[in-house]
>>> print(open('coords-v1.txt').read())   # compact mmCIF, C-alpha atoms
# COMPACT_ATOMS: atom_id res chain seq x y z
CA MET A 1 80.01 -0.70 -5.58
CA ALA A 2 82.44 -2.16 -3.12
CA SER A 3 85.14 -4.35 -4.52
CA LEU A 4 85.23 -8.08 -3.87
CA LYS A 5 88.15 -7.76 -1.52
CA GLU A 6 86.44 -5.06 0.50
CA LEU A 7 83.31 -7.16 0.85
CA LYS A 8 85.33 -10.15 1.97
CA GLY A 9 87.00 -8.02 4.61
CA ARG A 10 83.69 -6.73 5.91
CA ILE A 11 82.22 -10.21 6.14
CA ALA A 12 85.21 -11.37 8.14
CA SER A 13 84.97 -8.40 10.48
CA VAL A 14 81.25 -8.86 11.16
CA LYS A 15 81.87 -12.56 11.74
CA SER A 16 84.45 -11.83 14.42
CA THR A 17 82.11 -9.31 16.06
CA GLN A 18 79.43 -11.98 16.11
CA LYS A 19 81.82 -14.35 17.82
CA ILE A 20 82.41 -11.83 20.57
CA THR A 21 78.73 -11.03 21.14
CA LYS A 22 77.89 -14.72 21.14
CA ALA A 23 80.56 -15.44 23.75
CA LYS A 24 79.37 -12.55 25.91
CA GLN A 25 75.82 -13.83 25.64
CA MET A 26 76.79 -17.27 26.85
CA VAL A 27 78.85 -15.85 29.71
CA ALA A 28 75.90 -13.67 30.75
CA ALA A 29 73.55 -16.65 30.65
CA ALA A 30 75.82 -18.62 32.97
CA LYS A 31 76.29 -15.65 35.31
CA LEU A 32 72.59 -14.93 35.30
CA ARG A 33 71.82 -18.35 36.69
CA LYS A 34 74.31 -17.78 39.50
CA ALA A 35 73.07 -14.27 40.24
CA GLN A 36 69.49 -15.47 40.34
CA ALA A 37 70.39 -18.21 42.80
CA ALA A 38 72.17 -15.67 45.00
CA ALA A 39 69.18 -13.34 44.95
CA GLU A 40 66.95 -16.27 45.82
CA ALA A 41 69.16 -17.32 48.73
CA ALA A 42 69.08 -13.85 50.25
CA ARG A 43 65.31 -13.71 50.33
CA PRO A 44 64.56 -15.60 53.60
CA TYR A 45 66.71 -13.27 55.70
CA ASN A 46 65.24 -10.23 54.06
CA VAL A 47 61.65 -11.37 54.58
CA ARG A 48 62.18 -12.16 58.25
CA LEU A 49 64.11 -9.02 59.06
CA GLU A 50 61.55 -6.86 57.30
CA ARG A 51 58.73 -8.45 59.28
CA ILE A 52 60.51 -7.97 62.61
CA VAL A 53 61.45 -4.36 61.85
CA ALA A 54 57.89 -3.60 60.76
CA THR A 55 56.47 -5.05 63.97
CA LEU A 56 58.94 -3.20 66.14
CA ALA A 57 58.64 0.04 64.23
CA SER A 58 54.87 0.10 64.57
CA LYS A 59 55.36 -0.16 68.34
CA VAL A 60 58.19 2.30 68.79
CA SER A 61 57.45 4.96 66.17
CA ALA A 62 54.72 6.48 68.30
CA SER A 63 57.07 7.11 71.20
CA GLU A 64 59.65 9.86 71.60
CA SER A 65 62.59 7.51 71.68
CA ALA A 66 62.27 6.49 68.03
CA PRO A 67 65.74 6.16 66.52
CA LYS A 68 66.89 8.73 63.98
CA LEU A 69 67.11 6.23 61.14
CA LEU A 70 63.39 5.57 61.55
CA ALA A 71 62.10 9.02 62.43
CA GLY A 72 64.40 11.02 60.16
CA THR A 73 65.97 14.35 61.01
CA GLY A 74 62.66 16.15 61.06
CA LYS A 75 63.68 18.08 57.96
CA ASP A 76 63.16 17.42 54.28
CA ASP A 77 65.72 19.70 52.62
CA VAL A 78 68.68 17.68 51.42
CA HIS A 79 68.04 14.50 49.47
CA LEU A 80 70.70 11.92 48.78
CA LEU A 81 70.14 9.76 45.72
CA VAL A 82 72.02 6.50 45.95
CA VAL A 83 72.35 5.17 42.42
CA ALA A 84 73.48 1.58 41.98
CA ASN A 85 74.91 0.82 38.55
CA SER A 86 77.17 -1.83 37.15
CA ASP A 87 80.83 -1.53 36.21
CA ARG A 88 80.50 -2.88 32.71
CA GLY A 89 78.54 -1.94 29.66
CA LEU A 90 77.32 -4.23 26.88
CA ALA A 91 74.07 -4.64 28.75
CA GLY A 92 71.64 -2.78 26.57
CA ALA A 93 69.77 0.02 28.29
CA PHE A 94 70.29 -1.41 31.76
CA ASN A 95 72.47 1.37 33.18
CA ALA A 96 70.76 4.09 31.18
CA ASN A 97 67.37 3.15 32.61
CA ILE A 98 68.54 3.37 36.22
CA VAL A 99 70.27 6.69 35.62
CA LYS A 100 67.21 8.00 33.82
CA ALA A 101 64.99 7.18 36.80
CA ALA A 102 67.43 8.91 39.17
CA VAL A 103 67.77 12.00 36.97
CA LEU A 104 64.01 12.29 36.71
CA LYS A 105 63.68 12.16 40.49
CA ALA A 106 66.49 14.68 40.90
CA ARG A 107 64.80 17.14 38.51
CA PHE A 108 61.55 16.71 40.40
CA LEU A 109 63.21 17.37 43.75
CA ILE A 110 65.16 20.36 42.46
CA ALA A 111 61.94 21.80 41.03
CA GLU A 112 60.51 21.55 44.53
CA GLY A 113 63.41 23.57 45.83
CA LYS A 114 65.30 20.75 47.54
CA THR A 115 69.02 20.17 47.47
CA VAL A 116 70.05 17.00 45.71
CA GLN A 117 73.22 15.00 46.17
CA PHE A 118 74.36 11.80 44.54
CA TYR A 119 76.09 8.75 45.91
CA LEU A 120 77.15 6.34 43.20
CA ILE A 121 77.73 2.62 43.37
CA GLY A 122 79.53 1.21 40.36
CA ARG A 123 81.31 2.97 37.52
CA LYS A 124 78.78 3.30 34.74
CA GLY A 125 76.48 5.98 36.09
CA ARG A 126 79.16 8.54 36.78
CA PRO A 127 79.74 10.19 33.38
CA VAL A 128 76.08 10.89 32.70
CA ILE A 129 75.24 12.15 36.17
CA ASN A 130 78.39 14.22 36.36
CA ARG A 131 77.46 15.88 33.07
CA THR A 132 73.81 16.48 33.98
CA PHE A 133 74.40 17.60 37.55
CA PRO A 134 78.02 18.72 37.81
CA GLY A 135 79.50 18.84 41.29
CA MET A 136 76.61 17.10 42.98
CA ILE A 137 78.28 13.74 43.45
CA VAL A 138 79.30 13.57 47.09
CA GLY A 139 80.35 9.97 47.36
CA GLN A 140 81.13 6.90 45.39
CA TYR A 141 81.69 3.24 46.09
CA ASP A 142 83.90 1.26 43.79
CA THR A 143 82.71 -2.27 43.05
CA THR A 144 85.26 -3.14 40.39
CA GLY A 145 87.34 -5.22 42.82
CA ALA A 146 84.74 -7.90 43.44
CA LYS A 147 83.31 -10.43 41.03
CA ALA A 148 79.98 -10.90 42.76
CA PRO A 149 78.23 -8.59 45.21
CA GLY A 150 79.01 -9.61 48.77
CA TYR A 151 77.49 -8.74 52.09
CA GLU A 152 80.72 -7.00 53.10
CA GLN A 153 80.31 -4.55 50.24
CA ALA A 154 76.78 -3.74 51.31
CA GLN A 155 78.06 -3.24 54.85
CA ALA A 156 80.76 -0.84 53.71
CA ILE A 157 78.28 1.18 51.67
CA ALA A 158 75.77 1.27 54.52
CA GLN A 159 78.46 2.48 56.91
CA ASP A 160 79.47 5.18 54.46
CA ILE A 161 75.92 6.39 54.03
CA SER A 162 74.94 6.27 57.69
CA ALA A 163 78.11 8.14 58.64
CA MET A 164 77.07 10.89 56.25
CA PHE A 165 73.55 10.80 57.66
CA PHE A 166 74.66 11.13 61.27
CA ALA A 167 77.03 13.92 60.27
CA GLY A 168 73.89 15.76 59.16
CA LYS A 169 74.85 15.87 55.49
CA PHE A 170 71.38 14.89 54.24
CA ASP A 171 67.84 14.30 55.47
CA VAL A 172 66.36 11.74 53.12
CA ALA A 173 68.04 8.99 51.11
CA HIS A 174 66.60 7.26 48.06
CA LEU A 175 68.03 4.15 46.51
CA PHE A 176 67.88 3.46 42.78
CA TYR A 177 68.49 0.03 41.33
CA SER A 178 66.95 -2.36 38.87
CA THR A 179 64.58 -5.10 39.95
CA PHE A 180 65.03 -8.35 38.09
CA LYS A 181 61.78 -9.59 36.62
CA SER A 182 63.01 -11.75 33.80
CA ALA A 183 65.85 -11.82 31.31
CA LEU A 184 63.71 -9.62 29.10
CA ALA A 185 62.35 -7.20 31.68
CA GLN A 186 64.27 -5.29 34.34
CA ILE A 187 62.39 -2.61 36.19
CA PRO A 188 64.21 0.49 37.43
CA THR A 189 63.15 0.80 41.05
CA GLU A 190 63.22 3.60 43.57
CA GLN A 191 63.21 2.90 47.27
CA GLN A 192 63.40 5.18 50.26
CA LEU A 193 66.36 4.18 52.38
CA ILE A 194 66.35 6.78 55.16
CA PRO A 195 64.08 7.30 57.01
CA VAL A 196 63.07 3.67 56.85
CA ALA A 197 59.83 3.29 54.94
CA ILE A 198 57.49 1.02 56.84
CA PRO A 199 55.13 -0.86 54.54
CA ALA A 200 51.57 0.29 55.05
CA ASP A 201 50.30 -3.22 55.50
CA ALA A 202 52.71 -3.90 58.34
CA PRO A 203 51.33 -6.47 60.73
CA ALA A 204 49.88 -4.70 63.71
CA ALA A 205 51.33 -5.66 67.05
CA SER A 206 49.03 -8.61 67.49
CA ASN A 207 50.91 -10.67 70.00
CA ALA A 208 51.18 -8.23 72.86
CA ALA A 209 52.74 -10.84 75.08
CA VAL A 210 56.13 -10.79 73.30
CA GLU A 211 59.01 -10.19 75.65
CA TYR A 212 61.94 -8.07 74.56
CA GLU A 213 65.49 -8.25 75.76
CA PRO A 214 66.73 -5.49 75.90
CA ASP A 215 63.73 -3.19 75.27
CA GLU A 216 62.09 -2.57 71.88
CA ALA A 217 63.85 0.72 71.17
CA THR A 218 67.31 -0.75 71.79
CA ILE A 219 66.61 -3.74 69.60
CA LEU A 220 65.29 -1.49 66.88
CA GLU A 221 68.37 0.69 67.06
CA ASP A 222 70.45 -2.43 66.58
CA LEU A 223 68.32 -3.72 63.72
CA LEU A 224 67.80 -0.58 61.64
CA PRO A 225 71.38 -0.25 60.38
CA ARG A 226 71.29 -3.95 59.60
CA ASN A 227 68.04 -3.46 57.75
CA MET A 228 69.64 -0.75 55.66
CA THR A 229 72.57 -3.01 54.88
CA ILE A 230 70.27 -5.79 53.78
CA GLN A 231 68.28 -3.42 51.57
CA LEU A 232 71.52 -2.38 49.88
CA PHE A 233 72.60 -5.99 49.61
CA LYS A 234 69.30 -6.87 48.01
CA ALA A 235 69.68 -4.00 45.57
CA LEU A 236 73.18 -5.18 44.63
CA LEU A 237 71.97 -8.72 44.05
CA GLU A 238 68.95 -7.61 42.03
CA ASN A 239 71.19 -5.33 40.02
CA MET A 240 73.61 -8.14 39.31
CA ALA A 241 70.83 -10.42 38.07
CA SER A 242 69.30 -7.57 36.05
CA GLU A 243 72.63 -6.67 34.49
CA GLN A 244 73.25 -10.23 33.38
CA GLY A 245 69.70 -10.57 32.09
CA ALA A 246 69.92 -7.33 30.14
CA SER A 247 73.33 -8.27 28.84
CA MET A 248 72.09 -11.64 27.69
CA THR A 249 69.17 -10.13 25.79
CA ALA A 250 71.25 -7.34 24.27
CA MET A 251 73.94 -9.73 23.13
CA ASP A 252 71.38 -12.14 21.73
CA ASN A 253 70.00 -9.31 19.61
CA ALA A 254 73.47 -8.25 18.56
CA THR A 255 74.35 -11.79 17.52
CA ARG A 256 71.20 -12.04 15.46
CA ASN A 257 71.79 -8.69 13.80
CA ALA A 258 75.32 -9.72 12.93
CA GLY A 259 73.92 -12.90 11.38
CA ASP A 260 71.54 -10.89 9.19
CA LEU A 261 74.31 -8.57 8.17
CA ILE A 262 76.54 -11.48 7.21
CA ASN A 263 73.77 -12.99 5.05
CA ASN A 264 73.23 -9.71 3.22
CA LEU A 265 76.91 -9.17 2.67
CA THR A 266 77.38 -12.72 1.42
CA ILE A 267 74.60 -12.28 -1.13
CA GLN A 268 76.15 -9.01 -2.26
CA TYR A 269 79.55 -10.67 -2.47
CA ASN A 270 78.24 -13.54 -4.59
CA ARG A 271 76.42 -11.17 -6.92
CA SER A 272 79.42 -8.99 -7.57
CA ARG A 273 81.59 -12.03 -8.09
CA GLN A 274 79.09 -13.37 -10.63
CA ALA A 275 78.91 -9.96 -12.31
CA ALA A 276 82.70 -9.90 -12.62
CA ILE A 277 82.71 -13.36 -14.20
CA THR A 278 79.95 -12.41 -16.64
CA THR A 279 81.79 -9.26 -17.68
CA GLU A 280 84.96 -11.22 -18.29
CA LEU A 281 83.11 -13.77 -20.44
CA ILE A 282 81.48 -11.02 -22.53
CA GLU A 283 84.86 -9.46 -23.12
CA ILE A 284 86.36 -12.77 -24.27
CA ILE A 285 83.42 -13.57 -26.56
CA ALA A 286 83.42 -10.07 -28.00
CA GLY A 287 87.17 -10.36 -28.64
CA ALA A 288 86.75 -13.74 -30.39
CA GLU A 289 83.97 -12.39 -32.60
CA ALA A 290 86.02 -9.42 -33.64
CA LEU A 291 88.70 -11.67 -35.13
CA MET B 1 56.67 -31.90 69.44
CA PRO B 2 60.16 -30.77 68.55
CA LEU B 3 61.27 -27.16 68.26
CA HIS B 4 61.50 -25.76 64.76
CA PHE B 5 64.83 -23.98 64.45
CA GLU B 6 65.95 -21.70 61.63
CA LEU B 7 69.31 -20.04 61.21
CA VAL B 8 69.40 -17.44 58.45
CA THR B 9 72.22 -15.29 57.08
CA PRO B 10 71.98 -12.69 54.31
CA GLU B 11 73.69 -15.11 51.97
CA LYS B 12 71.47 -18.12 52.60
CA LEU B 13 69.17 -20.12 54.82
CA VAL B 14 71.77 -22.03 56.82
CA ARG B 15 69.51 -24.31 58.84
CA SER B 16 65.87 -25.16 58.90
CA GLU B 17 65.21 -28.23 60.99
CA ASP B 18 63.41 -29.67 63.97
CA VAL B 19 65.53 -29.96 67.09
CA TYR B 20 65.04 -30.57 70.79
CA MET B 21 66.59 -27.44 72.25
CA VAL B 22 68.79 -24.49 71.27
CA VAL B 23 70.87 -22.47 73.72
CA VAL B 24 71.30 -18.92 72.41
CA PRO B 25 73.93 -16.48 73.69
CA GLY B 26 71.62 -13.51 74.27
CA SER B 27 73.11 -10.09 74.82
CA GLU B 28 71.78 -10.13 78.38
CA GLY B 29 72.63 -13.74 79.09
CA ASP B 30 72.30 -17.18 77.56
CA PHE B 31 68.86 -18.64 77.20
CA GLY B 32 67.64 -22.06 76.18
CA VAL B 33 64.65 -22.43 73.88
CA LEU B 34 62.50 -25.54 74.04
CA GLU B 35 59.30 -26.26 72.20
CA GLY B 36 56.42 -24.07 73.42
CA HIS B 37 58.63 -21.19 74.57
CA ALA B 38 56.80 -17.89 75.14
CA PRO B 39 57.13 -15.28 72.35
CA PHE B 40 60.44 -13.53 72.81
CA MET B 41 62.90 -11.30 70.96
CA SER B 42 66.49 -10.64 71.85
CA THR B 43 69.68 -9.40 70.36
CA VAL B 44 72.44 -11.99 70.30
CA ARG B 45 76.03 -11.35 71.23
CA ASP B 46 78.79 -12.85 69.10
CA GLY B 47 79.28 -16.39 70.31
CA ALA B 48 78.27 -19.97 69.82
CA LEU B 49 74.77 -21.38 69.45
CA GLN B 50 74.33 -24.80 71.00
CA VAL B 51 71.95 -27.02 69.11
CA PHE B 52 70.67 -30.16 70.83
CA ALA B 53 69.20 -32.48 68.21
CA SER B 54 67.54 -34.63 70.89
CA ALA B 55 67.30 -34.73 74.67
CA GLY B 56 70.62 -35.70 76.19
CA ALA B 57 72.49 -35.62 72.89
CA ALA B 58 75.83 -33.85 72.68
CA PRO B 59 75.29 -30.26 71.51
CA GLU B 60 76.44 -29.06 68.13
CA THR B 61 77.90 -25.57 68.27
CA ILE B 62 77.55 -22.95 65.54
CA ASP B 63 79.40 -19.64 65.83
CA VAL B 64 77.33 -16.60 64.98
CA VAL B 65 78.27 -12.94 64.52
CA GLY B 66 75.86 -10.03 64.60
CA GLY B 67 72.79 -12.00 65.52
CA PHE B 68 69.19 -11.54 66.51
CA ALA B 69 66.81 -14.16 67.85
CA GLU B 70 63.04 -14.34 67.59
CA VAL B 71 60.83 -16.92 69.26
CA THR B 72 57.27 -17.29 68.02
CA GLU B 73 54.67 -20.05 68.09
CA GLN B 74 56.28 -21.33 64.90
CA GLY B 75 59.65 -21.82 66.54
CA LEU B 76 63.00 -20.13 66.90
CA THR B 77 64.54 -17.97 64.18
CA VAL B 78 68.09 -16.72 64.50
CA LEU B 79 69.19 -14.02 62.07
CA ALA B 80 72.95 -13.65 61.88
CA GLU B 81 75.29 -11.66 59.70
CA ARG B 82 77.68 -14.55 59.64
CA ALA B 83 77.35 -18.12 60.84
CA GLY B 84 79.50 -21.24 60.97
>>> encode(input="coords-v1.txt", output="structure tokens")
Amino acid sequence: MASLKELKGRIASVKSTQKITKAKQMVAAAKLRKAQAAAEAARPYNVRLERIVATLASKVSASESAPKLLAGTGKDDVHLLVVANSDRGLAGAFNANIVKAAVLKARFLIAEGKTVQFYLIGRKGRPVINRTFPGMIVGQYDTTGAKAPGYEQAQAIAQDISAMFFAGKFDVAHLFYSTFKSALAQIPTEQQLIPVAIPADAPAASNAAVEYEPDEATILEDLLPRNMTIQLFKALLENMASEQGASMTAMDNATRNAGDLINNLTIQYNRSRQAAITTELIEIIAGAEAL
Amino acid sequence: MPLHFELVTPEKLVRSEDVYMVVVPGSEGDFGVLEGHAPFMSTVRDGALQVFASAGAAPETIDVVGGFAEVTEQGLTVLAERAG
């Protein structure tokens, strides 16, 4: 049985841990609200751009002049998996879930005889992926410098990736991130980045009378890189909201567990103290009787 | 009937309002959009949008970078990477 002093020390240590998890939970809650608002604000642009690209793509894709980002390289050999993680832990299974989805996909592709490469965003995915697939990480983007995901970051990443694409380093790119559903549920999501996946229910070119300046293909060529940037930006924002949501939930659980632990320890402490007192009393009484 | 004008950046919906006319710096020349303009899409060169709140009013200018303009029956939508 632990001594009284030991128990006291443990209670104090759990209490200070609880303070930390509680603080982290409150910080995450505040950040979550901000991240959600940012994700919300980015939606209108995304919706409109997606619609325009879908309309244009359905017109151009049939022709020979379709841009490379839309048509692909014509091969399907080298796959680049872009994995977006966060820089910090203490967010439950958030990072692990994204990495798990990417690893699963990588195994599947390798089993099909494809070459797989990784491009990592954020710090947290690196150790696991490096261990599972050593030497397959071809690029990395560091997000530690910025507090919140910005459009400039997404632009830099998009430039990096498209430079690699046009250099012929890969044929297909997949993006892995976590979609924010609620503070309790974040869904690891996979999305094809290159060639651009056109949603099946894309609006058919209904208004044939639309005039284009310059022509459709040129506009599309201008819009596709932008579309990729916005997809990355969306992923970063969703990730941010997911991370904060996961962190909030994980820290809430941790705080509650610490509370339970403190209660148990306190009961144990009180019991042993009482036992010590009782023993002392018995000794005194026994001594008095012996006289 | 006024023209419905929207200016959107990746970070937020900058403007969504009814105006009289917008002059857009298209990549192949400026063009003005009034209510009832024919459907039209154009890339936009970096420059200033001129927004006329009403006929004859002094224009308000908004600088845009990396833009794209779409005119539909619903109105004019300008997508820009940066605005203002």
>>> closest_residue(input="coords-v1.txt", among="A:Gly74, A:Pro44, A:Gly9, A:Gly113", to="chain B", atoms="only C-alpha atoms")
A:Pro44
>>> atom_distance(input="coords-v1.txt", atom1="CA of Leu223 (chain A)", atom2="CA of Ser242 (chain A)")
28.0 Å
>>> closest_atom_pairs(input="coords-v1.txt", of="chain A", to="chain B", cutoff="12 Å", atoms="all atoms listed in the file", output="Markdown table")
| residue | atom | partner | partner_atom | distance |
| --- | --- | --- | --- | --- |
| A:Ala35 | CA | B:Glu11 | CA | 11.8 |
| A:Ala37 | CA | B:Lys12 | CA | 9.9 |
| A:Ala38 | CA | B:Glu11 | CA | 7.2 |
| A:Ala39 | CA | B:Glu11 | CA | 8.5 |
| A:Glu40 | CA | B:Lys12 | CA | 8.4 |
| A:Ala41 | CA | B:Lys12 | CA | 4.6 |
| A:Ala42 | CA | B:Glu11 | CA | 5.1 |
| A:Arg43 | CA | B:Pro10 | CA | 7.8 |
| A:Pro44 | CA | B:Leu13 | CA | 6.6 |
| A:Tyr45 | CA | B:Pro10 | CA | 5.5 |
| A:Asn46 | CA | B:Pro10 | CA | 7.2 |
| A:Val47 | CA | B:Pro10 | CA | 10.4 |
| A:Arg48 | CA | B:Leu79 | CA | 8.2 |
| A:Leu49 | CA | B:Leu79 | CA | 7.7 |
| A:Glu50 | CA | B:Leu79 | CA | 11.5 |
| A:Arg51 | CA | B:Glu70 | CA | 11.1 |
| A:Ile52 | CA | B:Glu70 | CA | 8.5 |
| A:Val53 | CA | B:Phe68 | CA | 11.5 |
| A:Thr55 | CA | B:Met41 | CA | 11.4 |
| A:Leu56 | CA | B:Met41 | CA | 10.2 |
| A:Ala148 | CA | B:Glu11 | CA | 11.9 |
| A:Pro149 | CA | B:Glu11 | CA | 10.4 |
| A:Gly150 | CA | B:Glu11 | CA | 8.3 |
| A:Tyr151 | CA | B:Pro10 | CA | 7.1 |
| A:Glu152 | CA | B:Glu81 | CA | 9.7 |
| A:Ala154 | CA | B:Pro10 | CA | 10.6 |
| A:Gln155 | CA | B:Glu81 | CA | 10.1 |
| A:Ser206 | CA | B:Pro39 | CA | 11.6 |
| A:Asn207 | CA | B:Pro39 | CA | 8.1 |
| A:Ala208 | CA | B:Pro39 | CA | 9.2 |
| A:Ala209 | CA | B:Pro39 | CA | 6.8 |
| A:Val210 | CA | B:Pro39 | CA | 4.7 |
| A:Glu211 | CA | B:Phe40 | CA | 4.6 |
| A:Tyr212 | CA | B:Met41 | CA | 4.9 |
| A:Glu213 | CA | B:Ser42 | CA | 4.7 |
| A:Pro214 | CA | B:Ser42 | CA | 6.6 |
| A:Asp215 | CA | B:Ser42 | CA | 8.6 |
| A:Glu216 | CA | B:Met41 | CA | 8.8 |
| A:Ala217 | CA | B:Ser42 | CA | 11.7 |
| A:Thr218 | CA | B:Thr43 | CA | 9.1 |
| A:Ile219 | CA | B:Thr43 | CA | 6.5 |
| A:Leu220 | CA | B:Thr43 | CA | 9.7 |
| A:Glu221 | CA | B:Thr43 | CA | 10.7 |
| A:Asp222 | CA | B:Thr43 | CA | 8.0 |
| A:Leu223 | CA | B:Phe68 | CA | 8.3 |
| A:Pro225 | CA | B:Gly66 | CA | 11.6 |
| A:Arg226 | CA | B:Glu81 | CA | 8.7 |
| A:Asn227 | CA | B:Pro10 | CA | 10.6 |
| A:Thr229 | CA | B:Pro10 | CA | 9.7 |
| A:Ile230 | CA | B:Pro10 | CA | 7.1 |
| A:Gln231 | CA | B:Pro10 | CA | 10.4 |
| A:Leu232 | CA | B:Pro10 | CA | 11.2 |
| A:Phe233 | CA | B:Pro10 | CA | 8.2 |
| A:Lys234 | CA | B:Pro10 | CA | 9.0 |
| A:Leu237 | CA | B:Glu11 | CA | 10.3 |
>>> atom_distance(input="coords-v1.txt", atom1="CA of Ala258 (chain A)", atom2="CA of Gly125 (chain A)")
28.0 Å
>>> residues_around(input="coords-v1.txt", residues="region 50-56 of chain B", least_positions_apart="4", cutoff="8 Å", atoms="only C-alpha atoms", output="list of chain:residue names")
B:Asp18, B:Val19, B:Tyr20, B:Met21, B:Val22, B:Val23, B:Val24, B:Glu60, B:Thr61, B:Ile62
>>> residues_near_point(input="coords-v1.txt", point="(74.7, -16.3, 14.3)", cutoff="12 Å", atoms="only C-alpha atoms", output="list of chain:residue names")
A:Val14, A:Lys15, A:Ser16, A:Thr17, A:Gln18, A:Lys19, A:Ile20, A:Thr21, A:Lys22, A:Ala23, A:Gln25, A:Met251, A:Asp252, A:Asn253, A:Ala254, A:Thr255, A:Arg256, A:Asn257, A:Ala258, A:Gly259, A:Asp260, A:Leu261, A:Ile262, A:Asn263
>>> residues_near_point(input="coords-v1.txt", point="(85.5, 0.0, 30.6)", cutoff="12 Å", atoms="only C-alpha atoms", output="MDAnalysis selection string")
chainID A and resid 86:90 122:124 144
>>> residues_around(input="coords-v1.txt", residues="region 156-167 of chain A", least_positions_apart="4", cutoff="12 Å", atoms="only C-alpha atoms", output="MDAnalysis selection string")
chainID A and resid 67:69 72:73 78:84 117:122 138:143 149:152 171:175 193:195 224:233 235:236
>>> closest_residue(input="coords-v1.txt", among="B:His37, B:Phe5, B:Arg45, B:Ala58", to="Glu73 (chain B)", atoms="all atoms listed in the file")
B:His37
>>> atom_distance(input="coords-v1.txt", atom1="CA of Met240 (chain A)", atom2="CA of Arg15 (chain B)")
25.7 Å
>>> closest_residue(input="coords-v1.txt", among="B:Pro25, B:Gly36, B:Asp30, B:Pro59", to="Pro2 (chain B)", atoms="all atoms listed in the file")
B:Gly36
>>> residues_around(input="coords-v1.txt", residues="His4 (chain B)", least_positions_apart="2", cutoff="8 Å", atoms="all atoms listed in the file", output="VMD selection string")
chain B and resid 2 6 16 to 19 35 74 to 76
>>> decode(input="coords-v1.txt", residues="region 56-70 of chain B", atoms="N, CA and C atoms", output="tab-separated table (two decimals), in the first residue's frame")
chain	number	residue	atom	x	y	z
B	56	GLY	N	-25.18	57.11	-63.23
B	56	GLY	CA	-24.64	58.45	-63.06
B	56	GLY	C	-23.88	58.65	-61.77
B	57	ALA	N	-23.91	57.66	-60.87
B	57	ALA	CA	-23.17	57.81	-59.62
B	57	ALA	C	-21.68	57.64	-59.88
B	58	ALA	N	-20.87	58.20	-58.99
B	58	ALA	CA	-19.43	58.04	-59.13
B	58	ALA	C	-19.08	56.58	-58.87
B	59	PRO	N	-18.19	55.98	-59.69
B	59	PRO	CA	-17.89	54.57	-59.51
B	59	PRO	C	-17.02	54.32	-58.28
B	60	GLU	N	-17.24	53.16	-57.70
B	60	GLU	CA	-16.38	52.72	-56.60
B	60	GLU	C	-15.42	51.69	-57.21
B	61	THR	N	-14.14	51.82	-56.94
B	61	THR	CA	-13.20	50.89	-57.56
B	61	THR	C	-12.71	49.86	-56.54
B	62	ILE	N	-12.62	48.62	-56.99
B	62	ILE	CA	-12.10	47.53	-56.16
B	62	ILE	C	-10.99	46.84	-56.94
B	63	ASP	N	-9.81	46.78	-56.38
B	63	ASP	CA	-8.70	46.11	-57.07
B	63	ASP	C	-8.83	44.61	-56.92
B	64	VAL	N	-8.66	43.91	-58.04
B	64	VAL	CA	-8.71	42.45	-57.97
B	64	VAL	C	-7.46	41.85	-58.61
B	65	VAL	N	-7.03	40.71	-58.08
B	65	VAL	CA	-5.89	39.97	-58.60
B	65	VAL	C	-6.34	38.55	-58.90
B	66	GLY	N	-5.94	38.06	-60.05
B	66	GLY	CA	-6.23	36.66	-60.39
B	66	GLY	C	-7.71	36.40	-60.48
B	67	GLY	N	-8.39	37.09	-61.37
B	67	GLY	CA	-9.84	37.04	-61.37
B	67	GLY	C	-10.45	36.28	-62.54
B	68	PHE	N	-11.72	36.06	-62.41
B	68	PHE	CA	-12.51	35.38	-63.43
B	68	PHE	C	-13.93	35.89	-63.30
B	69	ALA	N	-14.57	36.21	-64.43
B	69	ALA	CA	-15.91	36.77	-64.37
B	69	ALA	C	-16.90	35.87	-65.09
B	70	GLU	N	-18.08	35.73	-64.51
B	70	GLU	CA	-19.13	34.93	-65.13
B	70	GLU	C	-20.42	35.72	-65.11
